[in-house]
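Enquirer: One structure is given below, represented as structure tokens, and several questions about it will come after.
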Amino acid sequence: GQQLNQSPQSMFIQEGEDVSMNCTSSSIFNTWLWYKQDPGEGPVLLIALYKAGELTSNGRLTAQFGITRKDSFLNISASIPSDVGIYFCAGPADSSNTGKLIFGQGTTLQVKP
Amino acid sequence: DTGVSQDPRHKITKRGQNVTFRCDPISEHNRLYWYRQTLGQGPEFLTYFQNEAQLEKSRLLSDRFSAERPKGSFSTLEIQRTEQGDSAMYLCASSLVGGISYGYTFGSGTRLTVV
């Protein structure tokens, strides 16, 4: 079945540094989503991508839909302590219009003030 | 509208007991999803409703699990004869059919611990 692999699994960085993480799929996706989850909370949608090659920003966050449609990237510039959390990529679990998602295993980000 | 609400936030139960969780979606949303998340993993799809109809169930949803959405508004997820392997965060999400694809809103989840 479909799988999403995220790397790195975890990151520990200094405040102010830029962060890059990626997500690869075993199959082609037509939508890529990036979520952030704070401890004890549900995931919150950060960025949605719908077209190969698309580059979309949300404040200090920028995400790209890979040309091959099998990968996506998330960058965070000038990290701050509130960026701490788990970042998940997600995509449609199948080609039907159910809205069902498959998630990666997450990248845990820790920021040292 | 305060978003997707889940109750309770935390539940500790003894193995073998039944538990029920509630989800109140965003009021105009006609789709409602249940996901399960174990430690160190991303959420995994369990089931979803469109209005009151349950349209799909994952193989993860054993016969001890049942979900309902009786009037197309709130939903309940019941687990009978709980097992330690049921310990997880149970997440609910809602969306509007025809809205931005897959842009759904998650609740804060119910953390279940089976002891």
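Letters for chains follow the order of the structure tokens (A, B, ...), residue numbers begin at 1 for each chain, and ligand numbers begin at 1 in the order shown.
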Need the shell around A:Gly59: protein/DNA/RNA residues with any atom at most 10 Å away, counting only C-alpha atoms. Skip same-chain ones fewer than 4 positions apart. Format as a PyMOL selection string?
Expert: chain A and resi 46+76-77
Enquirer: Now that the selection is made, can you save its residues with all heavy atoms as a compact mmCIF listing (two decimals), in the first residue's frame?
Expert:
```txt
# COMPACT_ATOMS: atom_id res chain seq x y z
N LEU A 46 -1.07 23.46 7.91
CA LEU A 46 -0.18 24.60 7.67
C LEU A 46 -0.26 25.05 6.21
O LEU A 46 -0.44 26.23 5.92
CB LEU A 46 1.27 24.21 7.97
CG LEU A 46 1.60 23.80 9.39
CD1 LEU A 46 3.03 23.29 9.47
CD2 LEU A 46 1.38 24.96 10.35
N ILE A 76 11.29 25.98 7.08
CA ILE A 76 10.94 26.98 8.08
C ILE A 76 12.13 27.91 8.20
O ILE A 76 13.25 27.46 8.46
CB ILE A 76 10.62 26.36 9.45
CG1 ILE A 76 9.54 25.28 9.33
CG2 ILE A 76 10.18 27.44 10.45
CD1 ILE A 76 9.31 24.49 10.62
N SER A 77 11.91 29.18 7.99
CA SER A 77 13.02 30.13 8.09
C SER A 77 13.02 30.81 9.46
O SER A 77 11.96 31.00 10.07
CB SER A 77 12.93 31.18 6.99
OG SER A 77 11.75 31.93 7.12
```
Enquirer: Just want the 8 Å neighbourhood of A:Gln64, counted on only C-alpha atoms, with same-chain residues fewer than 2 positions away dropped. Output as a list in words.
Expert: Leu49, Gly53, Glu54, Leu55, Thr56, Thr62, Gly66, Ser72, Phe73 and Leu74 of chain A
Enquirer: Could you tell me which residues of chain A sit within 6 Å of chain B when counting only C-alpha atoms, and give me the result as a count of residues only?
Expert: 6
Enquirer: Find, counting only C-alpha atoms, the residue in A:Gln6, A:Val44, A:Lys70, A:Tyr50 that gets nearest to A:Ser25.
Expert: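 Smallest distance to A:Ser25 is found for A:Lys70.
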Enquirer: Could you tell me which of A:Leu33, A:Ile28, A:Ala48, A:Met11 comes closest to A:Val84 if we count only C-alpha atoms?
Expert: A:Met11
Enquirer: Among the residues of stretch 25-63 of chain A, find those DSSP assigns to strand (DSSP E or B) from the backbone and print them as a PyMOL selection string.
Expert: chain A and resi 25+32-37+44-49+55-58+61-63
Enquirer: Just to confirm, what's the straight-line distance from atom CA of B:Gln17 to atom CA of B:Ser5 in Å (one decimal)?
Expert: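 Between these atoms lies a distance of 23.8 Å.
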Enquirer: Name the residues in contact with A:Ile86 at a cut-off of 8 Å, using only C-alpha atoms, excluding same-chain residues fewer than 6 positions from it; report them as JSON, numbers by chain.
Expert: {"A": [36, 37, 38, 106, 107, 108, 109]}
Enquirer: Next, dump the selected residues to file, keeping only C-alpha atoms, as a PDB file, in the first residue's frame.
Expert:
```pdb
ATOM      1  CA  LYS A  36       1.843  20.677  12.686  1.00  0.00           C
ATOM      2  CA  GLN A  37       0.882  18.970  15.928  1.00  0.00           C
ATOM      3  CA  ASP A  38       1.558  20.438  19.347  1.00  0.00           C
ATOM      4  CA  GLY A 106       6.344  12.873  11.447  1.00  0.00           C
ATOM      5  CA  THR A 107       9.435  15.016  11.991  1.00  0.00           C
ATOM      6  CA  THR A 108       9.880  16.198  15.570  1.00  0.00           C
ATOM      7  CA  LEU A 109      11.376  19.668  15.818  1.00  0.00           C
TER       8      LEU A 109
END
```
Enquirer: Hey, can you check how far atom CA of B:Lys14 sits from atom CA of B:Ile79?
Expert: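 Between atom CA of B:Lys14 and atom CA of B:Ile79 the gap is 12.2 Å.
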Enquirer: Between atom CA of A:Ser26 and atom CA of A:Leu4, what is the spacing in Å?
Expert: 6.9 Å
